[in-house]
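See below for structure01.cif, which holds mmCIF, C-alpha atoms and all ligand atoms.
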data_coords
loop_
_atom_site.label_atom_id
_atom_site.label_comp_id
_atom_site.auth_asym_id
_atom_site.auth_seq_id
_atom_site.Cartn_x
_atom_site.Cartn_y
_atom_site.Cartn_z
CA MET I 1 1.74 -20.86 -14.00
CA SER I 2 2.73 -18.41 -11.28
CA ASN I 3 3.53 -19.67 -7.81
CA TYR I 4 2.54 -16.42 -6.22
CA GLN I 5 -0.74 -15.42 -7.85
CA VAL I 6 -4.13 -16.07 -6.31
CA ASP I 7 -5.72 -19.47 -7.04
CA LYS I 8 -9.30 -20.09 -8.16
CA LYS I 9 -10.51 -20.33 -4.59
CA GLY I 10 -8.99 -17.00 -3.61
CA TYR I 11 -5.91 -18.34 -1.80
CA TYR I 12 -2.22 -17.54 -1.94
CA GLY I 13 -0.82 -20.78 -0.57
CA GLU I 14 -2.47 -21.12 2.81
CA PHE I 15 -3.39 -17.43 3.04
CA GLY I 16 -6.37 -15.44 1.74
CA GLY I 17 -9.88 -16.74 1.15
CA ALA I 18 -13.14 -14.94 1.89
CA TYR I 19 -14.27 -15.20 5.50
CA VAL I 20 -17.37 -13.03 5.51
CA PRO I 21 -20.63 -13.01 7.45
CA GLU I 22 -23.46 -14.88 5.74
CA ILE I 23 -25.26 -11.65 4.92
CA LEU I 24 -22.37 -10.59 2.66
CA TYR I 25 -21.89 -13.98 1.01
CA ALA I 26 -23.95 -13.23 -2.11
CA THR I 27 -22.45 -9.74 -2.52
CA VAL I 28 -18.87 -10.97 -2.27
CA LYS I 29 -19.61 -13.93 -4.55
CA ASN I 30 -21.09 -11.55 -7.11
CA LEU I 31 -17.96 -9.40 -6.95
CA GLN I 32 -15.76 -12.49 -7.34
CA GLU I 33 -17.66 -13.45 -10.48
CA GLN I 34 -17.77 -10.00 -12.04
CA TYR I 35 -14.47 -8.29 -11.34
CA LEU I 36 -12.27 -9.99 -13.91
CA PRO I 37 -14.66 -9.84 -16.88
CA ILE I 38 -15.18 -6.13 -16.15
CA ILE I 39 -11.60 -5.02 -15.51
CA GLU I 40 -10.31 -7.04 -18.45
CA SER I 41 -12.86 -5.53 -20.86
CA GLN I 42 -11.51 -3.07 -23.42
CA GLU I 43 -14.05 -0.46 -22.34
CA PHE I 44 -12.83 -0.55 -18.73
CA LYS I 45 -9.17 -0.50 -19.74
CA ASP I 46 -9.69 2.52 -21.99
CA GLU I 47 -11.46 4.53 -19.29
CA TYR I 48 -9.05 3.46 -16.55
CA HIS I 49 -5.91 4.29 -18.51
CA ALA I 50 -7.31 7.60 -19.74
CA LEU I 51 -7.96 8.65 -16.13
CA LEU I 52 -4.55 7.43 -14.98
CA ARG I 53 -2.95 9.54 -17.68
CA ASP I 54 -5.00 12.75 -17.60
CA TYR I 55 -6.27 12.83 -14.02
CA VAL I 56 -3.67 11.01 -11.90
CA GLY I 57 -0.74 12.21 -14.01
CA ARG I 58 0.76 8.88 -15.06
CA PRO I 59 3.18 7.54 -16.02
CA SER I 60 4.99 8.52 -12.83
CA PRO I 61 8.68 9.25 -13.51
CA LEU I 62 11.42 6.70 -12.92
CA TYR I 63 14.13 9.00 -11.61
CA PHE I 64 17.86 8.16 -11.44
CA ALA I 65 18.97 9.33 -8.00
CA ARG I 66 22.60 10.23 -8.66
CA ARG I 67 23.77 11.27 -5.20
CA MET I 68 22.00 8.44 -3.40
CA SER I 69 23.46 6.01 -5.96
CA GLU I 70 26.96 7.19 -5.07
CA GLN I 71 26.15 6.93 -1.38
CA TYR I 72 25.03 3.32 -1.61
CA GLY I 73 27.28 2.10 -4.43
CA CYS I 74 24.53 1.06 -6.83
CA GLN I 75 22.36 2.43 -9.64
CA LEU I 76 19.34 3.70 -7.73
CA TYR I 77 16.13 4.60 -9.51
CA LEU I 78 13.13 6.02 -7.66
CA LYS I 79 9.62 5.24 -8.86
CA ARG I 80 7.87 8.51 -8.09
CA GLU I 81 4.37 7.60 -6.87
CA ASP I 82 4.67 10.70 -4.68
CA LEU I 83 3.99 12.78 -7.78
CA ASN I 84 0.51 11.33 -8.36
CA HIS I 85 -2.60 13.44 -7.82
CA THR I 86 -3.40 13.37 -4.07
CA GLY I 87 0.22 12.53 -3.29
CA ALA I 88 0.50 8.76 -3.16
CA HIS I 89 -0.08 5.47 -4.99
CA LYS I 90 -3.54 5.00 -3.40
CA ILE I 91 -5.33 6.83 -6.20
CA ASN I 92 -4.33 4.17 -8.79
CA ASN I 93 -6.57 1.79 -6.89
CA THR I 94 -9.50 4.09 -6.09
CA VAL I 95 -9.80 5.21 -9.73
CA GLY I 96 -10.04 1.56 -10.78
CA GLN I 97 -12.46 0.49 -8.06
CA ILE I 98 -14.88 3.35 -8.62
CA LEU I 99 -15.08 2.50 -12.33
CA LEU I 100 -15.82 -1.10 -11.32
CA ALA I 101 -18.47 0.08 -8.82
CA LYS I 102 -20.18 2.15 -11.51
CA LYS I 103 -20.19 -0.73 -13.97
CA MET I 104 -21.74 -2.94 -11.29
CA GLY I 105 -24.55 -0.40 -10.83
CA LYS I 106 -23.61 0.62 -7.27
CA THR I 107 -24.62 4.09 -6.08
CA ARG I 108 -22.99 4.49 -2.66
CA ILE I 109 -19.29 4.19 -1.78
CA ILE I 110 -17.81 3.36 1.60
CA ALA I 111 -14.15 3.14 2.63
CA GLU I 112 -11.96 2.74 5.68
CA THR I 113 -8.95 4.92 6.34
CA GLY I 114 -6.10 5.16 8.85
CA ALA I 115 -3.85 8.11 8.09
CA GLY I 116 -6.57 9.42 5.83
CA GLN I 117 -4.68 8.90 2.57
CA HIS I 118 -7.04 6.22 1.27
CA GLY I 119 -10.00 8.23 2.54
CA VAL I 120 -8.83 11.27 0.56
CA ALA I 121 -8.14 9.17 -2.56
CA THR I 122 -11.64 7.67 -2.30
CA ALA I 123 -13.37 11.00 -1.60
CA THR I 124 -11.50 12.42 -4.60
CA VAL I 125 -12.76 9.84 -7.11
CA CYS I 126 -16.28 10.06 -5.62
CA ALA I 127 -16.27 13.80 -6.29
CA LEU I 128 -15.00 13.06 -9.79
CA MET I 129 -17.83 10.61 -10.45
CA GLY I 130 -20.53 12.42 -8.48
CA MET I 131 -21.06 9.53 -6.07
CA LYS I 132 -22.02 9.52 -2.41
CA CYS I 133 -19.03 8.74 -0.18
CA GLU I 134 -18.82 7.73 3.47
CA VAL I 135 -15.48 7.11 5.16
CA PHE I 136 -14.90 5.25 8.42
CA MET I 137 -11.96 6.47 10.46
CA GLY I 138 -10.85 5.69 14.02
CA ALA I 139 -11.56 8.59 16.38
CA THR I 140 -7.89 8.67 17.40
CA ASP I 141 -6.88 9.06 13.75
CA VAL I 142 -9.54 11.74 13.17
CA GLU I 143 -7.67 13.81 15.73
CA ARG I 144 -4.15 12.89 14.62
CA GLN I 145 -4.80 13.41 10.91
CA HIS I 146 -6.94 16.49 10.99
CA THR I 147 -5.89 17.94 7.63
CA ASN I 148 -6.95 14.82 5.77
CA VAL I 149 -10.33 14.88 7.53
CA GLU I 150 -10.81 18.45 6.31
CA ARG I 151 -9.78 17.47 2.79
CA MET I 152 -12.34 14.64 2.76
CA LYS I 153 -15.06 16.98 3.99
CA MET I 154 -14.21 19.58 1.40
CA LEU I 155 -14.44 16.86 -1.25
CA GLY I 156 -17.99 16.16 -0.07
CA ALA I 157 -17.44 12.95 1.87
CA GLU I 158 -19.04 12.15 5.19
CA VAL I 159 -16.45 11.05 7.78
CA HIS I 160 -17.64 8.71 10.56
CA PRO I 161 -15.35 8.65 13.60
CA VAL I 162 -15.15 5.08 14.97
CA ARG I 163 -15.02 4.80 18.75
CA THR I 164 -14.67 1.04 19.23
CA GLY I 165 -11.43 -0.77 20.18
CA ASN I 166 -8.28 1.31 19.89
CA MET I 167 -10.12 3.73 17.63
CA THR I 168 -7.60 3.30 14.79
CA LEU I 169 -7.42 1.71 11.33
CA SER I 170 -8.25 -1.84 12.33
CA ASP I 171 -11.44 -0.66 14.04
CA ALA I 172 -12.33 1.50 11.03
CA CYS I 173 -12.08 -1.64 8.81
CA SER I 174 -14.42 -3.56 11.13
CA GLU I 175 -16.90 -0.71 11.08
CA ALA I 176 -16.80 -0.42 7.27
CA ILE I 177 -17.55 -4.15 7.01
CA ARG I 178 -20.43 -3.72 9.47
CA ASP I 179 -21.89 -0.92 7.37
CA TRP I 180 -21.48 -3.03 4.23
CA CYS I 181 -23.50 -5.81 5.90
CA CYS I 182 -26.40 -3.36 6.34
CA HIS I 183 -26.36 -2.08 2.74
CA PRO I 184 -25.03 -4.89 0.55
CA ALA I 185 -27.26 -4.15 -2.46
CA ASP I 186 -26.42 -0.53 -3.30
CA THR I 187 -23.01 -0.09 -1.63
CA PHE I 188 -19.53 -0.72 -3.01
CA TYR I 189 -16.74 -1.00 -0.46
CA ILE I 190 -13.52 0.48 -1.87
CA VAL I 191 -10.80 -1.36 0.06
CA GLY I 192 -7.53 0.54 0.37
CA SER I 193 -4.89 -2.16 0.34
CA THR I 194 -4.21 -5.77 -0.69
CA MET I 195 -6.37 -7.06 2.12
CA GLY I 196 -9.98 -8.00 2.79
CA PRO I 197 -11.87 -11.02 1.46
CA HIS I 198 -11.11 -12.43 -2.00
CA PRO I 199 -11.20 -10.86 -4.59
CA TYR I 200 -9.97 -7.63 -2.98
CA PRO I 201 -6.29 -8.54 -2.56
CA ASP I 202 -6.13 -9.56 -6.23
CA LEU I 203 -8.26 -6.63 -7.40
CA VAL I 204 -6.09 -4.09 -5.58
CA ALA I 205 -2.85 -5.74 -6.75
CA ARG I 206 -4.06 -5.55 -10.37
CA MET I 207 -5.03 -1.89 -10.02
CA GLN I 208 -1.59 -1.09 -8.60
CA SER I 209 0.24 -3.27 -11.12
CA VAL I 210 0.47 -0.25 -13.41
CA ILE I 211 3.53 0.64 -11.30
CA SER I 212 5.61 -2.36 -12.42
CA GLU I 213 4.13 -2.23 -15.92
CA GLU I 214 5.68 1.22 -16.23
CA ILE I 215 8.94 0.22 -14.51
CA LYS I 216 9.42 -2.40 -17.26
CA TRP I 217 9.34 -0.03 -20.21
CA GLN I 218 10.99 2.80 -18.32
CA LEU I 219 13.97 0.60 -17.46
CA GLN I 220 14.12 -0.68 -21.04
CA GLU I 221 14.30 2.93 -22.20
CA LYS I 222 16.90 3.98 -19.64
CA ILE I 223 19.24 1.01 -19.31
CA GLY I 224 18.33 -1.23 -22.24
CA ARG I 225 16.93 -4.09 -20.17
CA ASP I 226 13.50 -4.35 -18.63
CA TYR I 227 14.30 -5.71 -15.19
CA PRO I 228 16.25 -4.47 -12.15
CA ASP I 229 18.46 -6.49 -9.79
CA TYR I 230 16.51 -5.26 -6.78
CA LEU I 231 13.02 -3.97 -6.11
CA ILE I 232 12.44 -2.22 -2.79
CA ALA I 233 9.14 -1.01 -1.32
CA CYS I 234 7.57 -0.37 2.06
CA ILE I 235 4.76 -2.62 3.19
CA GLY I 236 1.71 -1.92 5.33
CA GLY I 237 -1.26 -3.80 3.93
CA GLY I 238 0.88 -4.38 0.86
CA SER I 239 -0.58 -2.45 -2.08
CA ASN I 240 2.35 -0.30 -3.24
CA ALA I 241 4.61 -3.31 -2.76
CA ALA I 242 2.24 -5.51 -4.78
CA GLY I 243 2.15 -2.95 -7.59
CA THR I 244 5.93 -2.60 -7.59
CA ILE I 245 6.61 -6.34 -7.86
CA TYR I 246 3.55 -7.49 -9.83
CA HIS I 247 5.25 -8.09 -13.19
CA TYR I 248 8.42 -9.46 -11.59
CA MET I 249 7.04 -11.93 -9.07
CA ASP I 250 8.10 -14.96 -11.09
CA ASP I 251 11.32 -13.43 -12.43
CA GLU I 252 13.92 -14.92 -10.10
CA ARG I 253 16.62 -12.58 -11.48
CA VAL I 254 14.92 -9.83 -9.48
CA LYS I 255 15.48 -9.74 -5.72
CA ILE I 256 12.57 -8.30 -3.77
CA VAL I 257 13.13 -6.46 -0.49
CA LEU I 258 10.17 -5.18 1.54
CA ALA I 259 10.37 -2.84 4.53
CA GLU I 260 7.80 -3.22 7.28
CA ALA I 261 7.37 -0.89 10.23
CA GLY I 262 9.39 -2.06 13.21
CA GLY I 263 8.25 0.77 15.51
CA HIS I 264 10.56 0.53 18.52
CA GLY I 265 11.77 -2.89 17.30
CA TRP I 266 10.02 -6.01 15.99
CA ASP I 267 10.84 -7.86 19.22
CA THR I 268 9.23 -5.21 21.46
CA ASP I 269 5.55 -4.58 22.27
CA TYR I 270 5.67 -1.40 20.19
CA THR I 271 5.81 -2.65 16.62
CA ALA I 272 3.84 -3.07 13.41
CA ALA I 273 6.25 -5.65 11.91
CA THR I 274 3.53 -8.15 11.15
CA ILE I 275 5.56 -10.53 8.99
CA HIS I 276 8.24 -10.75 11.69
CA ARG I 277 5.81 -10.99 14.55
CA GLY I 278 2.47 -12.27 13.28
CA THR I 279 0.90 -15.70 13.41
CA THR I 280 -1.79 -17.11 11.16
CA GLY I 281 -5.24 -15.81 11.91
CA ILE I 282 -8.30 -14.33 10.27
CA LEU I 283 -8.71 -10.58 10.11
CA HIS I 284 -11.11 -8.48 8.04
CA GLY I 285 -12.21 -11.34 5.84
CA ALA I 286 -8.96 -13.13 5.04
CA LYS I 287 -6.47 -15.56 6.52
CA MET I 288 -3.16 -13.78 6.99
CA LEU I 289 -0.37 -13.11 9.44
CA VAL I 290 -1.76 -11.02 12.28
CA MET I 291 -0.40 -9.76 15.53
CA GLN I 292 -2.55 -11.42 18.16
CA ASN I 293 -2.32 -12.77 21.66
CA GLU I 294 -2.68 -16.44 22.62
CA ASP I 295 -6.46 -16.10 22.67
CA GLY I 296 -6.55 -14.68 19.16
CA GLN I 297 -7.28 -11.14 20.30
CA ILE I 298 -5.76 -8.59 17.93
CA GLN I 299 -2.81 -6.65 19.33
CA GLU I 300 -2.53 -2.99 18.55
CA ALA I 301 0.12 -2.06 16.01
CA PHE I 302 2.63 0.65 16.84
CA THR I 303 4.72 2.75 14.46
CA ILE I 304 5.52 6.39 13.85
CA SER I 305 3.93 5.98 10.42
CA ALA I 306 0.13 6.13 10.44
CA GLY I 307 -0.06 4.50 7.00
CA LEU I 308 1.75 1.34 8.16
CA ASP I 309 -0.15 1.11 11.45
CA TYR I 310 -2.07 -2.13 10.82
CA PRO I 311 -1.84 -5.43 12.75
CA GLY I 312 -2.18 -7.58 9.60
CA VAL I 313 -0.60 -7.83 6.14
CA GLY I 314 -2.13 -8.91 2.83
CA PRO I 315 -2.23 -12.65 2.02
CA MET I 316 -0.13 -12.36 -1.15
CA HIS I 317 2.75 -11.04 0.92
CA CYS I 318 2.29 -13.60 3.69
CA ASN I 319 2.70 -16.34 1.11
CA MET I 320 5.65 -14.78 -0.75
CA ALA I 321 7.52 -14.18 2.50
CA LYS I 322 6.82 -17.72 3.65
CA GLN I 323 8.06 -19.13 0.31
CA GLY I 324 11.24 -17.10 0.70
CA ARG I 325 10.55 -15.09 -2.47
CA THR I 326 10.74 -11.79 -0.62
CA GLN I 327 13.22 -10.57 1.94
CA VAL I 328 11.36 -8.64 4.61
CA LEU I 329 13.24 -6.14 6.76
CA SER I 330 11.93 -4.53 9.91
CA ILE I 331 12.74 -0.80 9.92
CA ASN I 332 12.46 1.05 13.21
CA ASP I 333 11.06 4.56 13.68
CA ASP I 334 14.49 6.17 14.09
CA GLU I 335 15.85 4.48 10.97
CA ALA I 336 12.84 5.65 8.96
CA ILE I 337 13.15 9.24 10.18
CA TYR I 338 16.81 9.15 9.20
CA GLY I 339 15.92 7.74 5.77
CA GLY I 340 13.41 10.54 5.26
CA TYR I 341 15.99 13.21 6.08
CA GLU I 342 18.59 11.52 3.94
CA LEU I 343 16.43 11.50 0.79
CA THR I 344 15.35 15.07 1.50
CA ARG I 345 18.90 16.37 1.88
CA MET I 346 20.47 14.34 -0.91
CA GLU I 347 17.83 14.48 -3.63
CA GLY I 348 15.45 17.25 -2.57
CA ILE I 349 12.56 14.86 -2.22
CA ILE I 350 10.58 14.77 1.04
CA PRO I 351 9.09 11.27 1.18
CA ALA I 352 6.10 10.10 3.19
CA ILE I 353 7.29 8.46 6.42
CA GLU I 354 5.91 5.19 5.04
CA SER I 355 8.19 5.48 2.01
CA ALA I 356 11.11 6.49 4.24
CA HIS I 357 11.04 2.92 5.58
CA ALA I 358 11.96 1.72 2.09
CA ILE I 359 14.79 4.27 1.89
CA ALA I 360 16.13 3.03 5.22
CA ALA I 361 16.33 -0.51 3.84
CA LEU I 362 19.21 0.63 1.57
CA LYS I 363 21.51 0.85 4.58
CA LYS I 364 20.91 -2.82 5.38
CA LEU I 365 21.79 -4.19 1.95
CA THR I 366 25.11 -4.70 0.20
CA PHE I 367 25.20 -3.84 -3.49
CA LYS I 368 27.59 -4.27 -6.39
CA PRO I 369 28.24 -0.97 -8.25
CA SER I 370 26.46 -2.35 -11.32
CA ASP I 371 23.32 -3.38 -9.41
CA VAL I 372 20.18 -1.67 -10.67
CA VAL I 373 17.88 -0.91 -7.77
CA VAL I 374 14.32 0.37 -8.20
CA LEU I 375 12.77 1.79 -5.04
CA THR I 376 9.18 2.95 -4.90
CA VAL I 377 8.55 6.28 -3.18
CA SER I 378 4.94 5.50 -2.35
CA GLY I 379 3.94 9.01 -1.31
CA ARG I 380 5.07 12.52 -0.57
CA GLY I 381 5.90 13.78 2.88
CA ASP I 382 3.99 17.08 3.09
CA LYS I 383 1.66 15.44 5.60
CA ASP I 384 4.66 14.36 7.71
CA VAL I 385 6.79 17.50 7.91
CA GLU I 386 5.72 18.16 11.49
CA THR I 387 6.59 14.61 12.54
CA TYR I 388 9.99 14.83 10.83
CA LEU I 389 10.81 18.09 12.56
CA LYS I 390 9.55 16.90 15.94
CA ASN I 391 11.68 13.77 15.71
CA LYS I 392 14.79 15.25 14.14
CA GLN I 393 16.76 14.29 17.23
CA MET I 394 16.04 10.64 16.42
CA ALA I 395 17.77 11.00 13.09
CA LYS I 396 20.64 12.94 14.65
CA GLU I 397 21.28 10.14 17.09
CA TYR I 398 21.15 7.56 14.38
CA GLY I 399 23.32 9.33 11.82
CA ASN I 400 25.03 12.67 11.43
CA PHE I 401 22.80 15.40 10.11
C1 LIG P 501 -1.16 3.85 2.77
C2 LIG P 501 0.23 4.09 2.44
C3 LIG P 501 1.20 3.05 2.50
C4 LIG P 501 0.90 1.68 3.03
O1 LIG P 501 -0.05 0.96 2.32
P1 LIG P 501 0.31 -0.22 1.35
O2 LIG P 501 -1.02 -0.80 1.01
O3 LIG P 501 1.18 -1.19 2.08
O4 LIG P 501 1.00 0.35 0.17
C5 LIG P 501 2.50 3.33 2.11
N1 LIG P 501 2.86 4.56 1.68
C6 LIG P 501 1.97 5.57 1.60
C7 LIG P 501 2.44 6.90 1.12
C8 LIG P 501 0.63 5.37 1.98
O5 LIG P 501 -0.23 6.40 1.89
#

Would you encode the structure as structure tokens?
Ligand SMILES: *Cc1c(COP(=O)(O)O)cnc(C)c1O
Amino acid sequence: MSNYQVDKKGYYGEFGGAYVPEILYATVKNLQEQYLPIIESQEFKDEYHALLRDYVGRPSPLYFARRMSEQYGCQLYLKREDLNHTGAHKINNTVGQILLAKKMGKTRIIAETGAGQHGVATATVCALMGMKCEVFMGATDVERQHTNVERMKMLGAEVHPVRTGNMTLSDACSEAIRDWCCHPADTFYIVGSTMGPHPYPDLVARMQSVISEEIKWQLQEKIGRDYPDYLIACIGGGSNAAGTIYHYMDDERVKIVLAEAGGHGWDTDYTAATIHRGTTGILHGAKMLVMQNEDGQIQEAFTISAGLDYPGVGPMHCNMAKQGRTQVLSINDDEAIYGGYELTRMEGIIPAIESAHAIAALKKLTFKPSDVVVLTVSGRGDKDVETYLKNKQMAKEYGNF
């Protein structure tokens, strides 16, 4: 029995659960009862895997990064989620959840989004399935992430700017939950990361677990053994990390290193390093580590990376970090920008700034030359080119480009 999987009540150790308003109780309970029988059915698996193959473009390559391997004195393989349709790992999850929604007879889809990546991935699968899609997005993010708003609109989604609180991701989540409360019967809420009330963290982790399923056979093919010495991923809510580690959680031969967004530093007021800084609280339906003040008011997260800009972190990761199974590093903005430039200049791959946090973790680890390291590049950096260029000086000061 795994120490790190969700238990029957929806908890990972002390974290998780389903803290929802009474009006959603029956809806969430129904989802808890139905999700496993549906996603484990042969019919679901056939449809899901066919779409992953022909629509998303899976399997994503496991690429041996020769120059970066030399640089860091290890055998570095990159899991290329940046090559998926829509440019990140998020689509693995939205494809799965929309199939589940259809099988549950739902007709309307809602989602929250921060940077807009999950909003685009949701709008994409809604177009694919001909379903109505409404996306909640903080008004600040609507301005900051204009291209993704346009993409969602072109895909036929309705984007609702949210003007409460800081007008960012956390507020968009609250608003999506509020909407769900008003339309529990016909609406399916496609949650974008390993967060939210049970069963969402488990559902999302299973949908993303295709990443480590592929790593297993790809490593077997390439190096003749199916496990690495290290797995490295960035962590916001925790979905690409969960997918990367899913089939290795209980394999103690594999060290797991996760990179969270330090912003200006985890010990400053400008950070999104929730595992370093958070305390136990309830946010968006689950008990997790959250950044909050003494009165339990949520503190705004700060990072250069819009996709990691969330004051909480999924319950699975709270538990694994607490148990000491994962090593969590806080990567600051300047280190991430440097990591992004480094991968770009050494391998010709422009990573999302989120993924650049994982790259930057390499500098903080000491490897043996024989160590096999698999690092997930969660998304591509087209959306971030302007930010990279604007902050080039940051990387210059940190290293020598
Ligand atoms: C959304 C996003 C993340 C952060 O979300 P997780 O759920 O922690 O994976 C990381 N990388 C990219 C490219 C993203 O779009």

Hey, which residues come within 6 Å of ligand LIG 501 (chain P) if we count only C-alpha atoms and all ligand atoms? Could you give them as a list in words? Ala88, Gln117, Ser193, Ile235, Gly236, Gly237, Gly238, Ser239, Asn240, Ala241, Gly307, Leu308, Ala352, Glu354, Ser355, Ser378 and Gly379 of chain I

Would you compute the distance between CA of Val162 (chain I) and CA of Glu81 (chain I)? Give it in Å to one decimal.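 Pair CA of Val162 (chain I) / CA of Glu81 (chain I) returns 29.4 Å.
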
Please, which residues are within 9 Å of (7.3, 16.8, 0.6) by the file's coordinates, counting only C-alpha atoms, and could they come as a list in words? Asp82, Thr344, Gly348, Ile349, Ile350, Pro351, Ala352, Gly379, Arg380, Gly381, Asp382, Lys383, Asp384 and Val385 of chain I

Can you work out which one of I:Ala259, I:Ile282, I:Val377, I:Cys318 has the shortest atom-to-atom distance to Gly296 (chain I), counting all atoms listed in the file?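 Of the candidates, the smallest distance to Gly296 (chain I) is held by I:Ile282.
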
Pick from I:Gly165, I:Pro197, I:Arg80, I:Ala65, whichever lies nearest to Gln297 (chain I) using all atoms listed in the file: I:Gly165

Can you measure CA of Tyr19 (chain I) to CA of Ser174 (chain I) for me? One decimal in Å is fine.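 The value is 12.9 Å.
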
Counting all atoms listed in the file, the residue among I:Val142, I:Val135, I:Val210, I:Ile359 that lies closest to Ala233 (chain I) is I:Ile359

Suppose you want the space between CA of Arg151 (chain I) and CA of Phe188 (chain I); what is it in Å? 21.4 Å

Show me, as a tab-separated table, the residues of region 153-246 of chain I having an atom within 8 Å of region 23-27 of chain I, each with the closest atom pair and its distance in Å, using only C-alpha atoms.
residue	atom	partner	partner_atom	distance
I:Trp180	CA	I:Leu24	CA	7.8
I:Cys181	CA	I:Leu24	CA	5.9
I:Pro184	CA	I:Thr27	CA	6.3
I:Ala185	CA	I:Thr27	CA	7.4

Pro228 (chain I) surroundings by all atoms listed in the file, 12 Å radius, close-in-sequence under 3 positions cut, as an MDAnalysis selection string: chainID I and resid 74:78 212 215:220 222:225 231:232 244:245 247:248 251:256 370:375

Take the residues that were just selected and, keeping C-alpha atoms, output them as a compact mmCIF listing (two decimals), in the coordinates of the input.
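Final output, again-v2.txt:
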# COMPACT_ATOMS: atom_id res chain seq x y z
CA CYS I 74 24.53 1.06 -6.83
CA GLN I 75 22.36 2.43 -9.64
CA LEU I 76 19.34 3.70 -7.73
CA TYR I 77 16.13 4.60 -9.51
CA LEU I 78 13.13 6.02 -7.66
CA SER I 212 5.61 -2.36 -12.42
CA ILE I 215 8.94 0.22 -14.51
CA LYS I 216 9.42 -2.40 -17.26
CA TRP I 217 9.34 -0.03 -20.21
CA GLN I 218 10.99 2.80 -18.32
CA LEU I 219 13.97 0.60 -17.46
CA GLN I 220 14.12 -0.68 -21.04
CA LYS I 222 16.90 3.98 -19.64
CA ILE I 223 19.24 1.01 -19.31
CA GLY I 224 18.33 -1.23 -22.24
CA ARG I 225 16.93 -4.09 -20.17
CA LEU I 231 13.02 -3.97 -6.11
CA ILE I 232 12.44 -2.22 -2.79
CA THR I 244 5.93 -2.60 -7.59
CA ILE I 245 6.61 -6.34 -7.86
CA HIS I 247 5.25 -8.09 -13.19
CA TYR I 248 8.42 -9.46 -11.59
CA ASP I 251 11.32 -13.43 -12.43
CA GLU I 252 13.92 -14.92 -10.10
CA ARG I 253 16.62 -12.58 -11.48
CA VAL I 254 14.92 -9.83 -9.48
CA LYS I 255 15.48 -9.74 -5.72
CA ILE I 256 12.57 -8.30 -3.77
CA SER I 370 26.46 -2.35 -11.32
CA ASP I 371 23.32 -3.38 -9.41
CA VAL I 372 20.18 -1.67 -10.67
CA VAL I 373 17.88 -0.91 -7.77
CA VAL I 374 14.32 0.37 -8.20
CA LEU I 375 12.77 1.79 -5.04

Gly312 (chain I) environment, 12 Å, all atoms listed in the file, sequence neighbours closer than 6 positions dropped, as a PyMOL selection string: chain I and resi 15-16+169-170+173+193-196+235-238+260-261+271-292+298-302+318

For Tyr72 (chain I), work out the shell of residues within 9 Å, counting all atoms listed in the file and skipping chain neighbours fewer than 5 positions away, then give it as a VMD selection string. chain I and resid 67 362 to 363 365 to 367 369

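Nearest to Asp141 (chain I) of all the residues I:Val6, I:Ala321, I:Cys126, I:Ala306 is I:Ala306, counting only C-alpha atoms.
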
Which residue of I:Asp229, I:His317, I:Glu347, I:His357 approaches Phe64 (chain I) most closely, using only C-alpha atoms: I:Glu347
